[in-house]
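Everything below belongs to input_10.tsv, which stores TSV, C-alpha atoms (C1' of nucleotides).
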```tsv
chain	number	residue	atom	x	y	z
X	141	MET	CA	99.30	148.08	24.48
X	142	ASP	CA	97.51	145.04	23.18
X	143	ASP	CA	97.13	144.55	19.48
X	144	GLN	CA	99.42	145.65	16.72
X	145	LEU	CA	97.02	148.27	15.45
X	146	SER	CA	97.17	150.00	18.80
X	147	ARG	CA	100.93	149.79	18.80
X	148	VAL	CA	101.17	151.28	15.33
X	149	PHE	CA	98.84	154.18	16.05
X	150	SER	CA	100.52	154.78	19.35
X	151	ALA	CA	103.96	154.71	17.79
X	152	LEU	CA	102.99	157.35	15.27
X	153	ALA	CA	101.35	159.54	17.87
X	154	ASP	CA	104.75	160.95	18.80
X	155	PRO	CA	106.13	163.76	16.59
X	156	ILE	CA	109.72	162.61	17.02
X	157	ARG	CA	108.85	159.10	15.93
X	158	ARG	CA	106.88	160.37	12.96
X	159	ASP	CA	109.85	162.47	12.03
X	160	MET	CA	112.09	159.43	12.26
X	161	VAL	CA	109.79	157.52	9.98
X	162	ALA	CA	109.94	160.42	7.56
X	163	ARG	CA	113.72	160.32	7.57
X	164	LEU	CA	113.84	156.57	7.27
X	165	ALA	CA	111.61	156.77	4.24
X	166	VAL	CA	114.51	158.52	2.53
X	167	GLY	CA	117.07	155.97	3.60
X	168	ASP	CA	118.25	153.69	6.37
X	169	ALA	CA	120.16	155.31	9.20
X	170	THR	CA	122.00	154.44	12.37
X	171	VAL	CA	120.85	155.31	15.84
X	172	ASN	CA	123.37	158.10	16.22
X	173	GLU	CA	122.44	159.61	12.90
X	174	LEU	CA	118.81	159.53	13.90
X	175	ALA	CA	119.57	161.10	17.25
X	176	GLU	CA	121.50	164.05	15.88
X	177	PRO	CA	118.66	166.42	14.93
X	178	TYR	CA	116.96	166.16	18.28
X	179	SER	CA	117.88	167.56	21.61
X	180	VAL	CA	117.47	164.26	23.36
X	181	THR	CA	119.99	161.66	24.34
X	182	VAL	CA	120.78	158.72	22.14
X	183	GLN	CA	119.24	156.45	24.76
X	184	ALA	CA	115.91	158.15	24.34
X	185	VAL	CA	116.16	157.66	20.60
X	186	SER	CA	116.96	154.02	21.17
X	187	LYS	CA	113.75	153.73	23.15
X	188	HIS	CA	111.78	155.40	20.39
X	189	LEU	CA	113.21	152.92	17.95
X	190	LYS	CA	112.15	150.08	20.18
X	191	VAL	CA	108.61	151.41	20.10
X	192	LEU	CA	108.70	151.63	16.31
X	193	GLU	CA	110.18	148.16	16.13
X	194	ASP	CA	107.55	146.65	18.42
X	195	ALA	CA	104.95	148.19	16.16
X	196	GLY	CA	106.57	146.50	13.20
X	197	LEU	CA	107.30	149.81	11.54
X	198	VAL	CA	111.03	149.38	11.65
X	199	SER	CA	113.63	146.64	11.61
X	200	ARG	CA	117.21	146.66	12.78
X	201	SER	CA	119.90	144.55	11.23
X	202	ARG	CA	123.41	144.05	12.48
X	203	GLN	CA	126.36	145.54	10.67
X	204	ALA	CA	129.47	145.46	12.83
X	205	GLN	CA	128.66	147.58	15.89
X	206	ARG	CA	126.16	149.54	13.91
X	207	ARG	CA	122.50	148.67	13.86
X	208	PRO	CA	121.13	150.25	10.69
X	209	VAL	CA	117.46	151.05	11.04
X	210	HIS	CA	115.20	150.19	8.16
X	211	LEU	CA	111.63	151.27	7.54
X	212	GLU	CA	109.09	148.49	7.02
X	213	ALA	CA	106.40	150.24	5.07
X	214	GLU	CA	104.03	147.31	4.81
X	215	VAL	CA	102.57	147.89	8.25
X	216	PHE	CA	101.08	151.09	6.99
X	217	ASP	CA	98.56	148.98	5.13
X	218	LEU	CA	97.16	147.81	8.43
X	219	MET	CA	96.22	151.37	9.28
X	220	THR	CA	95.00	152.41	5.88
X	221	LYS	CA	92.76	149.36	5.75
X	222	TRP	CA	91.24	150.18	9.10
X	223	ILE	CA	90.80	153.82	8.22
X	224	GLU	CA	89.35	153.19	4.80
X	225	ARG	CA	86.86	150.73	6.15
X	226	TYR	CA	85.19	153.13	8.49
X	227	ARG	CA	85.57	156.11	6.25
X	228	GLN	CA	83.67	154.25	3.58
X	229	GLU	CA	81.03	153.15	6.06
X	230	ALA	CA	80.57	156.74	7.07
X	231	GLU	CA	80.31	157.80	3.46
X	232	GLN	CA	77.75	155.13	2.74
X	233	ARG	CA	75.82	156.40	5.67
X	234	TYR	CA	75.85	159.84	4.16
X	235	ARG	CA	74.54	158.43	0.92
X	236	ARG	CA	71.80	156.55	2.73
X	237	LEU	CA	70.90	159.72	4.50
X	238	ASP	CA	70.82	161.60	1.24
X	239	ALA	CA	68.50	158.99	-0.20
X	240	VAL	CA	66.15	159.39	2.70
X	241	LEU	CA	66.21	163.13	2.32
X	242	ALA	CA	65.61	162.81	-1.40
X	243	GLU	CA	62.66	160.55	-0.79
X	244	MET	CA	61.22	163.00	1.64
X	245	ALA	CA	61.73	165.73	-0.91
X	246	ALA	CA	59.98	163.66	-3.56
X	247	GLU	CA	56.70	164.86	-2.16
X	248	ASP	CA	57.71	168.35	-3.18
X	249	PRO	CA	57.09	169.61	-6.71
X	250	ASN	CA	60.84	170.05	-6.92
X	251	PRO	CA	62.39	166.93	-8.51
X	252	ALA	CA	64.89	165.37	-6.15
X	253	GLN	CA	68.31	166.54	-7.24
X	254	THR	CA	71.80	165.90	-6.03
X	255	ARG	CA	72.06	168.91	-3.85
X	256	VAL	CA	74.32	167.09	-1.39
X	257	PRO	CA	73.72	169.04	1.78
X	258	GLN	CA	76.49	169.17	4.35
X	259	THR	CA	73.83	168.96	6.95
X	260	ARG	CA	74.49	167.20	10.17
X	261	VAL	CA	71.37	165.32	10.95
X	262	GLN	CA	71.74	163.31	14.01
X	263	GLY	CA	69.20	161.56	16.05
X	264	GLU	CA	68.81	158.21	14.34
X	265	ALA	CA	70.93	155.73	16.10
X	266	SER	CA	70.64	151.99	16.32
H	23	MET	CA	99.93	166.56	22.62
H	24	ASP	CA	100.92	169.19	20.16
H	25	ASP	CA	99.63	169.05	16.63
H	26	GLN	CA	96.42	167.58	15.34
H	27	LEU	CA	98.14	164.67	13.66
H	28	SER	CA	99.51	163.56	17.01
H	29	ARG	CA	96.11	163.94	18.57
H	30	VAL	CA	94.46	161.86	15.87
H	31	PHE	CA	96.98	159.05	16.02
H	32	SER	CA	96.91	159.11	19.77
H	33	ALA	CA	93.13	159.05	19.86
H	34	LEU	CA	93.02	155.96	17.66
H	35	ALA	CA	95.70	154.20	19.66
H	36	ASP	CA	93.07	153.11	22.17
H	37	PRO	CA	90.99	150.03	21.29
H	38	ILE	CA	87.89	151.37	22.98
H	39	ARG	CA	88.07	154.60	21.04
H	40	ARG	CA	88.64	152.75	17.78
H	41	ASP	CA	85.61	150.65	18.58
H	42	MET	CA	83.58	153.77	19.20
H	43	VAL	CA	84.64	155.16	15.87
H	44	ALA	CA	83.56	151.90	14.28
H	45	ARG	CA	80.14	152.17	15.85
H	46	LEU	CA	79.77	155.82	14.99
H	47	ALA	CA	80.52	155.01	11.38
H	48	VAL	CA	77.23	153.14	11.38
H	49	GLY	CA	75.28	155.94	12.98
H	50	ASP	CA	75.30	158.68	15.54
H	51	ALA	CA	74.84	157.69	19.14
H	52	THR	CA	74.50	159.17	22.59
H	53	VAL	CA	77.05	158.85	25.35
H	54	ASN	CA	75.00	156.30	27.23
H	55	GLU	CA	74.48	154.18	24.15
H	56	LEU	CA	78.18	154.25	23.50
H	57	ALA	CA	78.97	153.34	27.09
H	58	GLU	CA	76.75	150.27	27.19
H	59	PRO	CA	79.01	147.64	25.61
H	60	TYR	CA	81.97	148.40	27.82
H	61	SER	CA	82.60	147.61	31.42
H	62	VAL	CA	83.63	151.15	32.24
H	63	THR	CA	81.68	153.98	33.71
H	64	VAL	CA	79.90	156.50	31.56
H	65	GLN	CA	82.30	159.15	32.82
H	66	ALA	CA	85.20	157.27	31.35
H	67	VAL	CA	83.39	157.10	28.03
H	68	SER	CA	82.77	160.82	28.24
H	69	LYS	CA	86.50	161.31	28.60
H	70	HIS	CA	87.18	159.12	25.61
H	71	LEU	CA	84.76	161.19	23.60
H	72	LYS	CA	86.54	164.34	24.64
H	73	VAL	CA	89.77	162.88	23.31
H	74	LEU	CA	88.10	162.02	20.02
H	75	GLU	CA	86.54	165.46	19.88
H	76	ASP	CA	89.83	167.23	20.53
H	77	ALA	CA	91.31	165.22	17.70
H	78	GLY	CA	88.53	166.44	15.44
H	79	LEU	CA	87.27	162.93	14.85
H	80	VAL	CA	83.91	163.55	16.45
H	81	SER	CA	81.47	166.35	17.04
H	82	ARG	CA	78.75	166.69	19.61
H	83	SER	CA	75.59	168.67	19.08
H	84	ARG	CA	72.89	169.44	21.55
H	85	GLN	CA	69.49	167.83	21.43
H	86	ALA	CA	67.58	168.43	24.60
H	87	GLN	CA	69.66	166.85	27.38
H	88	ARG	CA	71.24	164.45	24.95
H	89	ARG	CA	74.52	165.12	23.19
H	90	PRO	CA	74.44	162.96	20.09
H	91	VAL	CA	77.93	162.07	18.92
H	92	HIS	CA	78.72	162.33	15.24
H	93	LEU	CA	81.71	160.98	13.36
H	94	GLU	CA	83.69	163.51	11.34
H	95	ALA	CA	85.35	161.34	8.73
H	96	GLU	CA	87.30	164.08	6.99
H	97	VAL	CA	90.08	164.01	9.56
H	98	PHE	CA	90.99	160.56	8.37
H	99	ASP	CA	92.40	162.21	5.27
H	100	LEU	CA	95.03	163.88	7.40
H	101	MET	CA	96.37	160.50	8.38
H	102	THR	CA	96.09	158.82	5.04
H	103	LYS	CA	97.91	161.72	3.42
H	104	TRP	CA	100.75	161.44	5.89
H	105	ILE	CA	100.94	157.68	5.56
H	106	GLU	CA	100.77	157.64	1.80
H	107	ARG	CA	103.47	160.22	1.52
H	108	TYR	CA	106.11	158.22	3.30
H	109	ARG	CA	104.96	154.91	1.99
H	110	GLN	CA	105.46	156.19	-1.52
H	111	GLU	CA	108.83	157.68	-0.63
H	112	ALA	CA	109.90	154.33	0.70
H	113	GLU	CA	108.76	152.61	-2.46
H	114	GLN	CA	110.60	155.07	-4.63
H	115	ARG	CA	113.67	154.46	-2.56
H	116	TYR	CA	113.45	150.78	-3.28
H	117	ARG	CA	113.33	151.49	-6.97
H	118	ARG	CA	116.25	153.92	-6.78
H	119	LEU	CA	118.25	151.48	-4.74
H	120	ASP	CA	117.72	148.75	-7.25
H	121	ALA	CA	118.88	151.07	-9.99
H	122	VAL	CA	121.99	152.07	-8.07
H	123	LEU	CA	122.91	148.51	-7.28
H	124	ALA	CA	122.50	147.54	-10.88
H	125	GLU	CA	124.69	150.43	-11.94
H	126	MET	CA	127.36	149.59	-9.40
H	127	ALA	CA	127.39	146.02	-10.49
H	128	ALA	CA	127.90	147.13	-14.05
H	129	GLU	CA	130.66	149.72	-13.59
H	130	ASP	CA	132.59	149.41	-10.36
H	131	PRO	CA	134.49	146.15	-10.01
H	132	ASN	CA	134.97	146.36	-6.26
H	133	PRO	CA	134.87	149.54	-4.17
H	134	ALA	CA	137.51	149.74	-1.45
H	135	GLN	CA	136.56	148.84	2.09
H	136	THR	CA	132.94	148.27	1.39
H	137	ARG	CA	131.45	145.03	2.43
H	138	VAL	CA	128.38	144.71	0.33
H	139	PRO	CA	125.39	143.97	2.50
H	140	GLN	CA	122.46	142.02	1.22
H	141	THR	CA	120.21	144.72	-0.07
H	142	ARG	CA	120.43	147.43	2.48
H	143	VAL	CA	123.24	149.89	2.15
H	144	GLN	CA	122.74	153.30	3.58
H	145	GLY	CA	124.04	155.73	6.09
H	146	GLU	CA	123.69	159.27	4.94
H	147	ALA	CA	121.55	161.58	6.97
H	148	SER	CA	121.86	165.12	8.19
Y	120	DA	C1'	145.98	143.76	23.55
Y	121	DC	C1'	144.10	148.03	24.03
Y	122	DC	C1'	140.97	152.01	23.53
Y	123	DG	C1'	137.13	154.20	21.63
Y	124	DA	C1'	132.79	154.33	19.21
Y	125	DA	C1'	127.93	152.51	18.78
Y	126	DG	C1'	124.04	150.80	21.21
Y	127	DT	C1'	121.57	148.78	24.88
Y	128	DC	C1'	120.19	147.89	29.73
Y	129	DA	C1'	118.80	149.42	34.32
Y	130	DA	C1'	117.29	152.51	37.71
Y	131	DC	C1'	115.13	156.49	38.50
Y	132	DC	C1'	112.03	161.01	37.90
Y	133	DC	C1'	107.97	163.34	36.26
Y	134	DC	C1'	103.76	163.91	34.23
Y	135	DA	C1'	99.89	162.67	31.39
Y	136	DA	C1'	96.37	159.00	30.43
Y	137	DG	C1'	92.72	155.99	31.80
Y	138	DG	C1'	90.06	154.61	35.47
Y	139	DT	C1'	87.23	155.38	39.67
Y	140	DT	C1'	83.67	157.90	42.88
Y	141	DG	C1'	80.86	161.79	44.05
Y	142	DA	C1'	78.90	166.05	43.09
Y	143	DA	C1'	77.12	169.49	39.80
Y	144	DC	C1'	74.74	171.11	35.78
Y	145	DA	C1'	71.06	171.11	32.08
Y	146	DA	C1'	66.49	170.06	30.36
Y	147	DG	C1'	62.25	167.55	29.88
Y	148	DC	C1'	58.33	165.85	32.65
Y	149	DA	C1'	55.20	164.95	36.96
A	229	DT	C1'	57.99	173.48	41.47
A	230	DG	C1'	60.42	169.51	42.25
A	231	DC	C1'	62.25	164.92	40.28
A	232	DT	C1'	64.52	162.22	37.03
A	233	DT	C1'	67.52	161.41	33.09
A	234	DG	C1'	71.71	162.47	30.58
A	235	DT	C1'	76.09	164.34	30.71
A	236	DT	C1'	80.01	166.66	32.50
A	237	DC	C1'	83.26	168.42	36.20
A	238	DA	C1'	86.51	167.72	40.05
A	239	DA	C1'	89.46	165.20	42.92
A	240	DC	C1'	91.96	161.34	43.35
A	241	DC	C1'	94.69	156.81	42.30
A	242	DT	C1'	97.68	153.95	39.54
A	243	DT	C1'	100.11	152.87	35.46
A	244	DG	C1'	102.90	153.67	31.68
A	245	DG	C1'	105.52	156.80	28.52
A	246	DG	C1'	109.30	159.83	27.66
A	247	DG	C1'	113.23	161.72	29.55
A	248	DT	C1'	117.64	161.49	32.12
A	249	DT	C1'	122.26	159.48	33.95
A	250	DG	C1'	125.46	155.77	34.47
A	251	DA	C1'	127.24	151.28	33.71
A	252	DC	C1'	127.74	147.58	30.41
A	253	DT	C1'	128.42	144.98	25.91
A	254	DT	C1'	130.37	144.59	21.26
A	255	DC	C1'	132.87	145.40	17.97
A	256	DG	C1'	136.95	147.79	14.88
A	257	DG	C1'	141.07	150.27	14.36
A	258	DT	C1'	145.63	150.77	15.51
```

Give the structure from the file, written as C-alpha cells.
Amino acid sequence: MDDQLSRVFSALADPIRRDMVARLAVGDATVNELAEPYSVTVQAVSKHLKVLEDAGLVSRSRQAQRRPVHLEAEVFDLMTKWIERYRQEAEQRYRRLDAVLAEMAAEDPNPAQTRVPQTRVQGEAS
Amino acid sequence: MDDQLSRVFSALADPIRRDMVARLAVGDATVNELAEPYSVTVQAVSKHLKVLEDAGLVSRSRQAQRRPVHLEAEVFDLMTKWIERYRQEAEQRYRRLDAVLAEMAAEDPNPAQTRVPQTRVQGEAS
DNA sequence: ACCGAAGTCAACCCCAAGGTTGAACAAGCA
DNA sequence: TGCTTGTTCAACCTTGGGGTTGACTTCGGT
C-alpha cells in the first residue's frame, strides 16, 4: 500500500476493522476488550489494530501494560474530501448533460423544463 | 468480500481504480480509453472495472462492440453515511468526556486508585 | 522476587488480489 | 463471408492479507 488514502480505504474494507472503529467511536478500549466479541485470537486483533494505526485511524497510548486504543476521527476527512470531489464532478456532469438536453429540446414547442431525466446517456468521452 | 460496504471500500483502496473513478467523473469512457494511461494490459483494466462494477460504483452498457463505462455516484452515499455516523459519535464523545471531567473535577476530590490520564480515560466495552 | 495478565513479535499456512499471456467471443466493416 | 477491433474468459504466477500457534517482553499485584 502506497499512499495514506489507499491505506485508509483498505483498512475500512474489512468488516471487523469497521466494527472496531464503530466501537471505538463510543469509547477507547484495550486490545483484549476489542478482541472479545470476535472469534479470532487476540494476536489477529493486534494485527488489525496495526493496520488501523498505519492508516492513521487509531492511536495507541501506553498505560501500564495496557495500550488503550483511541480513534482518530480526523483522517475521515481525507476520505470525505476525496469522495465529495468526484461526486460533485459527476453531479456537475449531470447538470451539463441536462443543459445540453434542454438546449436540444429548445427546438421543440415544449418550453425546456426541469424534467431531470435519470437517463444514462453515454457515448461522449474525452 | 461480503457486504457492499466492504466491496466499495476495497474497490477504492487501489490507486488505479481511484484514478479511474476520477476520470469517469469527467465523462464516460471505454475500456481501451481507460487502459491507455497505465502501463498494464487492457485485461488488467477489465478486471479493475469488474471490481468497480461489483461494488456498484460503475455500470457498463452495450454500444456496438464497445462497453462504455459509467460512474454511478450514488454509492458514495453509502460510505459517507457510514463515515459521518462514527465521526459524529466520536465528536459527541469528546463533548461528553469534557463534561464528565468537568463534573469530576467539581465533585470528587480524588477517586481511589485512579491515576488520572491526560484526557483519555476509558475502558468499558462489552 | 515471583507469577500472571496484556500485548507484541516471528514463523508459518491458505487463499484472494493484481498481474501476465493466450485464446475466445461479439459486432461492425471489407 | 471473412477480417479487424473491442472486450472478456481461462489458466497461471507471485505477493500480500488474515488467520493460527508459540515464544517473548513488560508491567503490577502480592

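Within 9 Å of chain H, counting all atoms listed in the file, chain A contributes DT233, DG234, DT235 and DT236 of chain A.
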
Would you pick out the contacts of DC122 of chain Y at 12 Å or less, using only C-alpha atoms (C1' of nucleotides), so that residues sharing its chain but fewer than 5 positions from it are not included, and give the list as an NGL selection string?
:A and (255-258)

With C-alpha atoms (C1' of nucleotides) retained, could you export that selection as a compact mmCIF listing (two decimals), keeping the file's coordinate frame?
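Result went into selection.txt, see below:
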```txt
# COMPACT_ATOMS: atom_id res chain seq x y z
C1' DC A 255 132.87 145.40 17.97
C1' DG A 256 136.95 147.79 14.88
C1' DG A 257 141.07 150.27 14.36
C1' DT A 258 145.63 150.77 15.51
```

Output the contact residues of chain X with respect to chain H at a cut-off of 7 Å, based on all atoms listed in the file, as a ChimeraX atom specification.
/X:146-147,149-150,152-155,162,165-170,173,213,216,220,223,226-227,229-230,233,262-266

With a cut-off of 9 Å, could you pull out the residues of chain Y touching chain H and give me the nearest pair of atoms for each, distance in Å to one decimal, using all atoms listed in the file, ordered by chain and ascending number, as CSV?
```
residue,atom,partner,partner_atom,distance
Y:DG137,C1',H:Ala66,CA,7.6
Y:DG138,C1',H:Ala66,CA,6.9
Y:DT139,C1',H:Thr63,CA,8.3
Y:DA145,C1',H:Gln87,CA,6.5
Y:DA146,C1',H:Gln87,CA,5.4
Y:DG147,C1',H:Ala86,CA,7.6
```

For DC148 of chain Y, list every protein, DNA or RNA residue within 12 Å, evaluated using only C-alpha atoms (C1' of nucleotides), and leave out those in the same chain fewer than 3 positions away; present the list as JSON, numbers by chain.
{"A": [229, 230, 231, 232, 233]}

Could you tell me how far atom C1' of DC134 of chain Y sits from atom C1' of DG245 of chain A, in Å to one decimal place?
9.3 Å
